[in-house]
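Asks: File entry_10.pdb follows (PDB, C-alpha atoms and all ligand atoms):
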MODEL        1
ATOM      1  CA  MET G  22     -69.844 109.406 146.965
ATOM      2  CA  ILE G  23     -72.614 110.539 144.607
ATOM      3  CA  ALA G  24     -71.825 110.457 140.878
ATOM      4  CA  LEU G  25     -73.296 113.431 139.054
ATOM      5  CA  ASN G  26     -74.006 112.981 135.371
ATOM      6  CA  SER G  27     -73.338 116.435 133.958
ATOM      7  CA  LYS G  28     -74.163 117.350 130.365
ATOM      8  CA  PRO G  29     -71.107 117.910 128.150
ATOM      9  CA  LYS G  30     -70.684 121.472 126.909
ATOM     10  CA  VAL G  31     -71.611 121.517 123.231
ATOM     11  CA  ILE G  32     -70.877 124.485 120.999
ATOM     12  CA  PHE G  33     -72.249 125.079 117.498
ATOM     13  CA  GLU G  34     -70.068 126.378 114.713
ATOM     14  CA  HIS G  35     -71.035 127.268 111.150
ATOM     15  CA  ILE G  36     -68.333 126.358 108.645
ATOM     16  CA  GLU G  37     -68.376 127.897 105.181
ATOM     17  CA  SER G  38     -64.819 127.306 104.066
ATOM     18  CA  GLU G  39     -62.798 124.143 103.707
ATOM     19  CA  SER G  40     -61.298 124.689 107.161
ATOM     20  CA  ILE G  41     -62.578 121.334 108.409
ATOM     21  CA  LYS G  42     -60.713 118.059 107.871
ATOM     22  CA  PHE G  43     -63.004 116.030 105.636
ATOM     23  CA  SER G  44     -61.473 112.771 106.895
ATOM     24  CA  ASP G  45     -62.674 113.612 110.462
ATOM     25  CA  LEU G  46     -66.044 114.536 109.077
ATOM     26  CA  ALA G  47     -66.358 111.328 107.060
ATOM     27  CA  LYS G  48     -65.374 109.274 110.112
ATOM     28  CA  SER G  49     -68.001 110.827 112.361
ATOM     29  CA  ILE G  50     -70.823 110.176 109.898
ATOM     30  CA  SER G  51     -69.579 106.883 108.471
ATOM     31  CA  THR G  52     -72.775 105.021 109.469
ATOM     32  CA  VAL G  53     -74.819 107.311 107.197
ATOM     33  CA  GLY G  54     -73.114 105.622 104.235
ATOM     34  CA  ALA G  55     -75.258 102.547 104.864
ATOM     35  CA  TYR G  56     -78.342 104.479 103.714
ATOM     36  CA  TYR G  57     -76.928 106.367 100.729
ATOM     37  CA  PRO G  58     -74.976 104.653  97.935
ATOM     38  CA  ASN G  59     -71.677 106.426  97.136
ATOM     39  CA  PHE G  60     -72.005 108.638 100.216
ATOM     40  CA  LYS G  61     -68.239 109.072 100.600
ATOM     41  CA  ASN G  62     -67.778 110.134  96.970
ATOM     42  CA  TRP G  63     -70.662 112.573  97.307
ATOM     43  CA  LEU G  64     -69.093 114.031 100.467
ATOM     44  CA  TYR G  65     -65.545 114.342  99.124
ATOM     45  CA  PHE G  66     -66.428 115.508  95.609
ATOM     46  CA  THR G  67     -69.915 117.018  95.244
ATOM     47  CA  PHE G  68     -70.238 118.426  98.755
ATOM     48  CA  ARG G  69     -66.671 119.694  99.126
ATOM     49  CA  LYS G  70     -66.628 121.260  95.643
ATOM     50  CA  GLU G  71     -69.914 123.092  96.187
ATOM     51  CA  MET G  72     -68.772 124.198  99.641
ATOM     52  CA  ILE G  73     -65.866 125.988  97.990
ATOM     53  CA  GLU G  74     -68.382 127.552  95.573
ATOM     54  CA  GLY G  75     -70.466 128.838  98.512
ATOM     55  CA  LYS G  76     -73.459 126.609  97.761
ATOM     56  CA  ARG G  77     -73.045 124.354 100.785
ATOM     57  CA  SER G  78     -71.890 124.658 104.383
ATOM     58  CA  ILE G  79     -71.791 122.727 107.641
ATOM     59  CA  ILE G  80     -73.062 123.294 111.142
ATOM     60  CA  ILE G  81     -70.946 121.307 113.504
ATOM     61  CA  ALA G  82     -71.725 120.581 117.153
ATOM     62  CA  ARG G  83     -68.460 120.247 119.052
ATOM     63  CA  ALA G  84     -67.913 118.794 122.497
ATOM     64  CA  GLY G  85     -64.282 119.521 123.268
ATOM     65  CA  ASN G  86     -62.269 117.774 120.573
ATOM     66  CA  SER G  87     -65.135 115.481 119.597
ATOM     67  CA  ILE G  88     -67.784 115.950 116.944
ATOM     68  CA  ALA G  89     -71.152 115.609 118.720
ATOM     69  CA  GLY G  90     -73.240 116.224 115.614
ATOM     70  CA  LEU G  91     -73.300 117.500 112.065
ATOM     71  CA  SER G  92     -75.757 119.164 109.766
ATOM     72  CA  LEU G  93     -74.696 119.352 106.122
ATOM     73  CA  LEU G  94     -76.536 122.152 104.362
ATOM     74  CA  LYS G  95     -77.242 123.111 100.776
ATOM     75  CA  HIS G  96     -78.216 126.660  99.857
ATOM     76  CA  SER G  97     -77.949 126.938  96.096
ATOM     77  CA  LEU G  98     -80.140 128.830  93.623
ATOM     78  CA  ASP G  99     -82.220 125.654  93.149
ATOM     79  CA  GLU G 100     -82.878 124.519  96.694
ATOM     80  CA  LYS G 101     -82.472 124.884 100.420
ATOM     81  CA  LYS G 102     -81.858 121.541 102.003
ATOM     82  CA  ILE G 103     -80.522 119.740 105.058
ATOM     83  CA  CYS G 104     -78.584 117.038 103.196
ATOM     84  CA  THR G 105     -77.388 115.077 106.220
ATOM     85  CA  PHE G 106     -78.408 115.458 109.844
ATOM     86  CA  TYR G 107     -76.644 113.352 112.433
ATOM     87  CA  VAL G 108     -75.976 113.311 116.177
ATOM     88  CA  SER G 109     -73.225 110.953 117.356
ATOM     89  CA  PRO G 110     -74.613 108.114 119.498
ATOM     90  CA  SER G 111     -72.694 109.162 122.652
ATOM     91  CA  TYR G 112     -74.302 112.632 122.544
ATOM     92  CA  ARG G 113     -77.907 111.620 121.888
ATOM     93  CA  GLY G 114     -80.815 112.308 124.232
ATOM     94  CA  ILE G 115     -79.447 115.558 125.694
ATOM     95  CA  GLY G 116     -80.932 118.089 123.278
ATOM     96  CA  VAL G 117     -78.130 118.296 120.669
ATOM     97  CA  GLY G 118     -80.590 117.322 117.902
ATOM     98  CA  HIS G 119     -82.982 120.119 118.922
ATOM     99  CA  GLN G 120     -80.236 122.745 118.969
ATOM    100  CA  LEU G 121     -78.598 121.542 115.759
ATOM    101  CA  MET G 122     -81.947 121.582 113.939
ATOM    102  CA  ASP G 123     -82.739 125.097 115.241
ATOM    103  CA  ALA G 124     -79.334 126.327 114.067
ATOM    104  CA  SER G 125     -79.864 124.691 110.643
ATOM    105  CA  THR G 126     -83.380 126.018 110.005
ATOM    106  CA  SER G 127     -82.476 129.449 111.293
ATOM    107  CA  TYR G 128     -79.475 129.683 108.943
ATOM    108  CA  LEU G 129     -81.382 128.348 105.908
ATOM    109  CA  GLY G 130     -84.495 130.338 106.811
ATOM    110  CA  ASP G 131     -82.561 133.590 106.442
ATOM    111  CA  LYS G 132     -81.227 132.640 103.001
ATOM    112  CA  ASP G 133     -84.047 132.831 100.456
ATOM    113  CA  LYS G 134     -87.347 133.346 102.191
ATOM    114  CA  ASP G 135     -89.414 132.154  99.199
ATOM    115  CA  LYS G 136     -87.954 128.647  99.262
ATOM    116  CA  ASP G 137     -89.050 125.832 101.570
ATOM    117  CA  ILE G 138     -86.418 123.903 103.519
ATOM    118  CA  ALA G 139     -86.194 120.247 102.473
ATOM    119  CA  ILE G 140     -84.842 117.147 104.165
ATOM    120  CA  THR G 141     -85.201 113.521 103.139
ATOM    121  CA  VAL G 142     -85.035 110.592 105.526
ATOM    122  CA  ALA G 143     -84.415 106.903 104.887
ATOM    123  CA  GLU G 144     -87.207 104.533 105.953
ATOM    124  CA  GLU G 145     -85.050 102.902 108.685
ATOM    125  CA  ARG G 146     -84.364 106.266 110.363
ATOM    126  CA  ASN G 147     -87.802 107.798 109.965
ATOM    127  CA  SER G 148     -89.282 106.818 113.345
ATOM    128  CA  GLU G 149     -86.229 108.365 115.016
ATOM    129  CA  LEU G 150     -86.256 111.643 113.087
ATOM    130  CA  TYR G 151     -90.019 112.133 112.681
ATOM    131  CA  PRO G 152     -90.725 113.492 116.235
ATOM    132  CA  LEU G 153     -87.914 116.054 115.947
ATOM    133  CA  LEU G 154     -88.908 117.155 112.428
ATOM    134  CA  LYS G 155     -92.595 117.400 113.363
ATOM    135  CA  SER G 156     -91.796 119.459 116.471
ATOM    136  CA  LYS G 157     -89.909 121.952 114.272
ATOM    137  CA  GLY G 158     -92.816 122.306 111.817
ATOM    138  CA  PHE G 159     -91.705 119.995 108.987
ATOM    139  CA  SER G 160     -94.372 117.956 107.206
ATOM    140  CA  ILE G 161     -94.093 114.876 104.993
ATOM    141  CA  GLU G 162     -94.673 115.848 101.356
ATOM    142  CA  ASN G 163     -93.930 112.546  99.676
ATOM    143  CA  LYS G 164     -92.629 109.019 100.100
ATOM    144  CA  VAL G 165     -90.720 107.479  97.199
ATOM    145  CA  ILE G 166     -89.827 103.816  97.023
ATOM    146  CA  GLY G 167     -86.460 102.997  95.446
ATOM    147  CA  TYR G 168     -85.315 106.637  95.392
ATOM    148  CA  TYR G 169     -81.856 105.825  96.773
ATOM    149  CA  ARG G 170     -82.034 102.053  97.346
ATOM    150  CA  GLU G 171     -84.145  99.332  95.775
ATOM    151  CA  ASN G 172     -87.412  98.630  97.653
ATOM    152  CA  ILE G 173     -86.605 101.161 100.376
ATOM    153  CA  ASN G 174     -88.742 104.233 100.995
ATOM    154  CA  GLU G 175     -87.250 107.707 101.231
ATOM    155  CA  TYR G 176     -89.447 110.278 103.048
ATOM    156  CA  PHE G 177     -89.474 113.826 101.688
ATOM    157  CA  TYR G 178     -90.146 116.528 104.294
ATOM    158  CA  SER G 179     -90.432 120.255 103.911
ATOM    159  CA  LEU G 180     -90.641 123.295 106.152
ATOM    160  CA  LYS G 181     -92.615 126.192 104.658
TER     161      LYS G 181
HETATM  162  C1  LIG I 201     -82.723 111.550 115.576
HETATM  163  C2  LIG I 201     -81.523 112.221 116.194
HETATM  164  C3  LIG I 201     -81.090 113.413 115.355
HETATM  165  C4  LIG I 201     -81.911 112.732 117.597
HETATM  166  O1  LIG I 201     -80.804 113.418 118.146
HETATM  167  P1  LIG I 201     -80.729 113.753 119.721
HETATM  168  O2  LIG I 201     -79.607 114.675 119.948
HETATM  169  O3  LIG I 201     -80.770 112.503 120.486
HETATM  170  O4  LIG I 201     -82.103 114.535 119.895
HETATM  171  P2  LIG I 201     -82.585 115.395 121.121
HETATM  172  O5  LIG I 201     -82.001 114.887 122.394
HETATM  173  O6  LIG I 201     -82.404 116.841 120.830
HETATM  174  O7  LIG I 201     -84.121 115.041 121.076
HETATM  175  C5  LIG I 201     -84.886 115.500 119.961
HETATM  176  C6  LIG I 201     -86.172 114.741 119.824
HETATM  177  O8  LIG I 201     -85.944 113.594 119.038
HETATM  178  C7  LIG I 201     -86.825 112.557 119.446
HETATM  179  N1  LIG I 201     -86.030 111.338 119.486
HETATM  180  C8  LIG I 201     -84.714 111.234 119.778
HETATM  181  N2  LIG I 201     -84.328 109.945 119.620
HETATM  182  C9  LIG I 201     -85.410 109.259 119.227
HETATM  183  C10 LIG I 201     -85.659 107.889 118.913
HETATM  184  N3  LIG I 201     -84.696 106.967 118.980
HETATM  185  N4  LIG I 201     -86.906 107.533 118.529
HETATM  186  C11 LIG I 201     -87.895 108.451 118.459
HETATM  187  N5  LIG I 201     -87.713 109.764 118.749
HETATM  188  C12 LIG I 201     -86.494 110.143 119.134
HETATM  189  C13 LIG I 201     -87.464 112.957 120.746
HETATM  190  O9  LIG I 201     -88.807 113.235 120.472
HETATM  191  C14 LIG I 201     -86.779 114.246 121.132
HETATM  192  O10 LIG I 201     -87.646 115.253 121.501
HETATM  193  P3  LIG I 201     -88.187 115.452 123.009
HETATM  194  O11 LIG I 201     -87.288 114.678 123.914
HETATM  195  O12 LIG I 201     -88.102 116.915 123.201
HETATM  196  O13 LIG I 201     -89.549 114.923 122.926
HETATM  197  C15 LIG I 201     -80.325 111.223 116.365
HETATM  198  O14 LIG I 201     -80.804 110.056 117.008
HETATM  199  C16 LIG I 201     -79.672 110.831 115.060
HETATM  200  O15 LIG I 201     -78.798 111.557 114.570
HETATM  201  N6  LIG I 201     -80.052 109.685 114.474
HETATM  202  C17 LIG I 201     -79.480 109.223 113.220
HETATM  203  C18 LIG I 201     -80.013 110.071 112.095
HETATM  204  C19 LIG I 201     -79.462 109.653 110.757
HETATM  205  O16 LIG I 201     -79.255 108.480 110.502
HETATM  206  N7  LIG I 201     -79.198 110.639 109.909
HETATM  207  C20 LIG I 201     -78.714 110.388 108.589
HETATM  208  C21 LIG I 201     -79.763 110.572 107.536
HETATM  209  S1  LIG I 201     -80.250 112.282 107.363
ENDMDL
END
Could you spell out this file's structure in structure tokens?
Replies:
Amino acid sequence: MIALNSKPKVIFEHIESESIKFSDLAKSISTVGAYYPNFKNWLYFTFRKEMIEGKRSIIIARAGNSIAGLSLLKHSLDEKKICTFYVSPSYRGIGVGHQLMDASTSYLGDKDKDKDIAITVAEERNSELYPLLKSKGFSIENKVIGYYRENINEYFYSLK
């Protein structure tokens, strides 16, 4: 018998209301907390509050009942930003990152055409995210040591 490794079907959904369970969301991106102090508080309080106010939203990649990836977006008067971008380890290497990034930049790109789209990346994750960001047209604008954590660089990217 030949085993065929078929790609899971992944669908992308844009969520603007509080219709998602934040506990599921927090669980699927729990490893991100290692790079950002107080990540959970930020997610439950700042992010959720501003989502209700229409300043933030989420693009979620779903594979059946599982969360394959998440892109947490900010689109306020001040800035357009991908706050968190994450593909779950079991769904990596099959193009979810490409599709999730396209969905994120396309949504933010339509918002306020005069503003650049920003994303920042922790030093430990930069080699992983750099090829994807570069292929989508992002460039590194700055690198700030100690921005979130002592002695650790945070890379600031933008897409014009
Ligand atoms: C980086 C990441 C988004 C890639 O997701 P993915 O679904 O595997 O990506 P794709 O299969 O769509 O591949 C996208 C590109 O990423 C690059 N890439 C993926 N994994 C990589 C790795 N480990 N190292 C270097 N480049 C990598 C490849 O260049 C690939 O493009 P190509 O195959 O067309 O050349 C994913 O590994 C991830 O979420 N990592 C953790 C990110 C994180 O910690 N985020 C929180 C802070 S914002």
Asks: The PyMOL selection byres (((chain G and resi 161-167) around 10) and not hetatm) - which residues does that actually catch in the file I just gave you? List them as a PyMOL selection string.
Replies: chain G and resi 139-144+151+154-155+159-160+168-180
Asks: Selection in question (the file shown): the PyMOL selection byres (((chain G and resi 85) around 12) and not hetatm). Which residues does it include, as a list in words?
Replies: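 Selected by the PyMOL selection byres (((chain G and resi 85) around 12) and not hetatm) in this file: Pro29, Lys30, Val31, Ile32, Phe33, Ile81, Ala82, Arg83, Ala84, Asn86, Ser87, Ile88 and Ala89 of chain G.
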Asks: Within 6 Å of ligand LIG 201 (chain I), counting only C-alpha atoms and all ligand atoms: which residues, as a PDB file with C-alpha atoms, keeping the file's coordinate frame?
Replies:
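Wrote pocket18.pdb, looks like this:
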ATOM      1  CA  VAL G  53     -74.819 107.311 107.197  1.00  0.00           C
ATOM      2  CA  THR G 105     -77.388 115.077 106.220  1.00  0.00           C
ATOM      3  CA  PHE G 106     -78.408 115.458 109.844  1.00  0.00           C
ATOM      4  CA  TYR G 107     -76.644 113.352 112.433  1.00  0.00           C
ATOM      5  CA  VAL G 108     -75.976 113.311 116.177  1.00  0.00           C
ATOM      6  CA  ARG G 113     -77.907 111.620 121.888  1.00  0.00           C
ATOM      7  CA  GLY G 114     -80.815 112.308 124.232  1.00  0.00           C
ATOM      8  CA  ILE G 115     -79.447 115.558 125.694  1.00  0.00           C
ATOM      9  CA  GLY G 116     -80.932 118.089 123.278  1.00  0.00           C
ATOM     10  CA  VAL G 117     -78.130 118.296 120.669  1.00  0.00           C
ATOM     11  CA  GLY G 118     -80.590 117.322 117.902  1.00  0.00           C
ATOM     12  CA  HIS G 119     -82.982 120.119 118.922  1.00  0.00           C
ATOM     13  CA  VAL G 142     -85.035 110.592 105.526  1.00  0.00           C
ATOM     14  CA  ARG G 146     -84.364 106.266 110.363  1.00  0.00           C
ATOM     15  CA  SER G 148     -89.282 106.818 113.345  1.00  0.00           C
ATOM     16  CA  GLU G 149     -86.229 108.365 115.016  1.00  0.00           C
ATOM     17  CA  LEU G 150     -86.256 111.643 113.087  1.00  0.00           C
ATOM     18  CA  PRO G 152     -90.725 113.492 116.235  1.00  0.00           C
ATOM     19  CA  LEU G 153     -87.914 116.054 115.947  1.00  0.00           C
TER      20      LEU G 153
END
Asks: Please measure the separation of CA of Lys181 (chain G) and CA of Leu91 (chain G), giving the value in Å to one decimal.
Replies: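 For CA of Lys181 (chain G) relative to CA of Leu91 (chain G), the distance reads 22.4 Å.
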Asks: From the set G:Thr52, G:Lys157, G:Glu145, G:Tyr112, which residue has the shortest atom-to-atom contact distance to Thr126 (chain G), counting all atoms listed in the file?
Replies: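 Smallest separation from Thr126 (chain G) among the options: G:Lys157.
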Asks: Of the candidates G:Ile80, G:Ile138, G:Cys104, G:Leu98, which one gets nearest to Leu64 (chain G) if we count all atoms listed in the file?
Replies: G:Cys104
Asks: Work out how far apart CA of Tyr57 (chain G) and CA of Asp133 (chain G) are and give it in Å to one decimal.
Replies: 27.4 Å
Asks: Run the PyMOL selection byres (((chain G and resi 96) around 12) and not hetatm) on the file and write out the hits as an NGL selection string.
Replies: :G and (37 or 68 or 71-72 or 74-79 or 93-95 or 97-104 or 125-126 or 128-134 or 136-139)
